[in-house]
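Structure record follows, encoded as structure tokens.
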Amino acid sequence: MAETILERIAYEMNIDPFEIRLKNFDSIKYDEMIGMITRIRTESQYDERRVLVEKFNIDNRWKKRGLKVSFLRWNTSRRKYLDVNLDVYKDDGTVAITHGGIEMGQGMNTRAVQICASFLNIPLDKIQIKCTNTINAPNNSDTESSVTSQNVGRGVRRCCEELLTRLEPAKKQLHDPTWVELVQKAYAMNIDLQVHGFVSPNDEVDQTIYGVTVAEVEIDVLTGEWEILRVDLIEDVGRSINPDLDVGQVSKLF
């Protein structure tokens, strides 16, 4: 409703909708976005393209273009239960991970493998993700809102930290062992090579993600056919585990 009101004001007063949004923007409460807004206005060449869009609309009767700026604010607060199990096989040191999330193309499993490889300092090909089922993850919450990827990562980290603590006595008896040597020594010392990570609503982190998008779209007013010509987007994603995955997720949306 607020977006509709702003657009109507801009239309009736013949003012750039971007300017209307800036005049109504709470720069004190959402000061983190000021730098992002300034940057995207410059890097997207918004002002120059606005002139070109207006000229295009004057010169073309049946095709029209629009240039829109959208502000994004998303809160990550979700109460979730999530289980992660990590097993290490004594023969070759292979690591198998099962978790309560559902991989649906968001790269959750890839992130889990990368986090595990980083903490254990082992190659990616030493790690496998096994399928999710209600036996190894019986009470998990639904997969949604990107929070599950975050919690799977948190659970994998806890598993790795617990495993490294257990392996420490074996490591002290060896001189710079390989991963396989360390695992086999731990097995010989009767150290449990299976760990469990649990993420509960108590782990909920209330944080807000901000972003700004500039999109240019062309529409055929006779057929209704439309095409997205260009999208410029800035979003604060923190420290990205896999930038290629994050870029891919954004690109898939458009």
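Residues in the structure tokens are numbered from 1 in each chain, the chains being A, B, ... in the order shown, and ligands are numbered from 1 in the order shown.
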*Can you list, as a PyMOL selection string, every protein, DNA or RNA residue that comes within 7 Å of segment 161-166 of chain A when you count only C-alpha atoms, leaving out same-chain residues fewer than 4 positions away?*
chain A and resi 157+191+195
So that I have them on file, write out the residues from the current selection with N, CA and C atoms, as a compact mmCIF listing (two decimals), in the first residue's frame.
# COMPACT_ATOMS: atom_id res chain seq x y z
N ARG A 157 29.07 -26.38 11.61
CA ARG A 157 30.18 -25.80 12.37
C ARG A 157 30.29 -26.43 13.76
N ILE A 191 37.74 -43.39 20.07
CA ILE A 191 37.11 -42.07 20.03
C ILE A 191 35.91 -42.11 19.09
N VAL A 195 29.24 -37.22 15.29
CA VAL A 195 28.85 -36.06 16.10
C VAL A 195 27.51 -35.52 15.64
*Extract, using only C-alpha atoms, all DNA, RNA and protein residues at most 12 Å from Glu7 of chain A, discarding same-chain residues fewer than 6 positions from it, and format them as an NGL selection string.*
:A and (1 or 13-21 or 68-70)
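Checking A:Gly211, A:Pro169, A:Gly153, A:Gly248 one by one against Ile234 of chain A, counting only C-alpha atoms, you find the shortest gap at A:Gly211.
One finds atom CA of Asn242 of chain A at 26.5 Å from atom CA of Asn202 of chain A.
Inside segment 217-249 of chain A, the residues DSSP reads as strand (DSSP E) when given the backbone are A:Val217, A:Glu218, A:Ile219, A:Asp220, A:Trp226, A:Glu227, A:Ile228, A:Leu229, A:Arg230, A:Val231, A:Asp232, A:Leu233, A:Ile234, A:Glu235.
If you count only C-alpha atoms and ignore residues fewer than 4 places along the chain from segment 181-190 of chain A, what sits within 9 Å of it is Val88, Tyr89, Lys90, Asp91, Asp92, Gly93, Arg166, Leu167, Glu168, Pro169, Ala170, Lys171, Gln173, Leu174 and Pro177 of chain A.
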*In segment 33-219 of chain A, DSSP alpha helix (DSSP H) residues written as JSON, numbers by chain*: {"A": [34, 35, 36, 37, 38, 39, 40, 41, 42, 43, 46, 47, 48, 49, 50, 51, 52, 53, 54, 55, 56, 57, 58, 59, 108, 109, 110, 111, 112, 113, 114, 115, 116, 117, 118, 119, 120, 147, 148, 149, 150, 151, 152, 153, 154, 155, 156, 157, 158, 159, 160, 161, 162, 163, 164, 165, 166, 167, 168, 169, 170, 171, 172, 179, 180, 181, 182, 183, 184, 185, 186, 187, 188]}
*Residues at most 9 Å from Asn85 of chain A, counting only C-alpha atoms, excluding those fewer than 5 positions away in the same chain, as a PyMOL selection string?*
chain A and resi 96-99+136-137+155-156+159+194-198
Save the residues we just selected, N, CA and C atoms, as an mmCIF file, in the first residue's frame?
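Now in part08.cif:
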data_model
loop_
_atom_site.group_PDB
_atom_site.id
_atom_site.type_symbol
_atom_site.label_atom_id
_atom_site.label_comp_id
_atom_site.auth_asym_id
_atom_site.auth_seq_id
_atom_site.Cartn_x
_atom_site.Cartn_y
_atom_site.Cartn_z
ATOM 1 N N ALA A 96 30.567 -37.929 6.037
ATOM 2 C CA ALA A 96 29.188 -37.918 5.536
ATOM 3 C C ALA A 96 28.354 -37.012 6.433
ATOM 4 N N ILE A 97 27.579 -36.139 5.810
ATOM 5 C CA ILE A 97 26.746 -35.197 6.548
ATOM 6 C C ILE A 97 25.281 -35.418 6.178
ATOM 7 N N THR A 98 24.434 -35.476 7.181
ATOM 8 C CA THR A 98 22.995 -35.441 6.953
ATOM 9 C C THR A 98 22.437 -34.283 7.769
ATOM 10 N N HIS A 99 21.449 -33.605 7.220
ATOM 11 C CA HIS A 99 20.858 -32.480 7.937
ATOM 12 C C HIS A 99 19.366 -32.409 7.636
ATOM 13 N N ASN A 136 16.892 -39.627 10.345
ATOM 14 C CA ASN A 136 18.065 -38.906 10.862
ATOM 15 C C ASN A 136 17.727 -37.465 11.244
ATOM 16 N N ALA A 137 16.577 -36.965 10.817
ATOM 17 C CA ALA A 137 16.165 -35.603 11.182
ATOM 18 C C ALA A 137 14.648 -35.606 11.410
ATOM 19 N N GLY A 155 24.901 -25.629 12.278
ATOM 20 C CA GLY A 155 24.959 -26.992 12.797
ATOM 21 C C GLY A 155 26.211 -27.734 12.358
ATOM 22 N N VAL A 156 26.612 -27.559 11.094
ATOM 23 C CA VAL A 156 27.840 -28.189 10.601
ATOM 24 C C VAL A 156 29.045 -27.663 11.359
ATOM 25 N N CYS A 159 29.224 -29.363 14.690
ATOM 26 C CA CYS A 159 29.705 -30.737 14.539
ATOM 27 C C CYS A 159 31.225 -30.768 14.380
ATOM 28 N N GLN A 194 31.350 -39.972 15.354
ATOM 29 C CA GLN A 194 30.039 -39.485 14.930
ATOM 30 C C GLN A 194 29.621 -38.353 15.869
ATOM 31 N N VAL A 195 29.237 -37.217 15.290
ATOM 32 C CA VAL A 195 28.855 -36.064 16.102
ATOM 33 C C VAL A 195 27.510 -35.521 15.637
ATOM 34 N N HIS A 196 26.879 -34.804 16.532
ATOM 35 C CA HIS A 196 25.548 -34.263 16.266
ATOM 36 C C HIS A 196 25.521 -32.779 16.584
ATOM 37 N N GLY A 197 24.930 -32.009 15.678
ATOM 38 C CA GLY A 197 24.766 -30.579 15.918
ATOM 39 C C GLY A 197 23.290 -30.230 15.935
ATOM 40 N N PHE A 198 22.868 -29.486 16.936
ATOM 41 C CA PHE A 198 21.459 -29.146 17.068
ATOM 42 C C PHE A 198 21.298 -27.626 17.101
#
_Which residues are close to Gly100 of chain A, i.e. within 12 Å by only C-alpha atoms, leaving aside same-chain residues fewer than 4 positions away? Reply as a PyMOL selection string._
chain A and resi 80-85+108-109+112+129-144+148-149+151-153+155-156+196-199
*Two-atom distance - atom CA of Arg78 of chain A, atom CA of Glu204 of chain A (Å)*: 6.7 Å
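Ranking A:Gln249, A:Asn121, A:Thr213, A:Thr223 by their shortest atom-to-atom distance to Tyr46 of chain A, with only C-alpha atoms included, puts A:Thr213 first.
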*Leaving out Arg49 of chain A and any residue of its chain fewer than 5 positions from it, which residues lie within 9 Å of it when counting only C-alpha atoms, given as an MDAnalysis selection string?*
chainID A and resid 44 54 67
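If you look at atom CA of Val180 of chain A and atom CA of Leu120 of chain A, they are 11.7 Å away from each other.
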*Nearest to Pro243 of chain A among A:Arg61, A:His175, A:Arg230, A:Arg111, with distances taken over only C-alpha atoms: which residue is it?*
A:Arg111
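Candidate residues A:Asp246, A:Asp125, A:Glu32, A:Asp176 were compared for distance to Ser146 of chain A, and the nearest is A:Asp246, using only C-alpha atoms.
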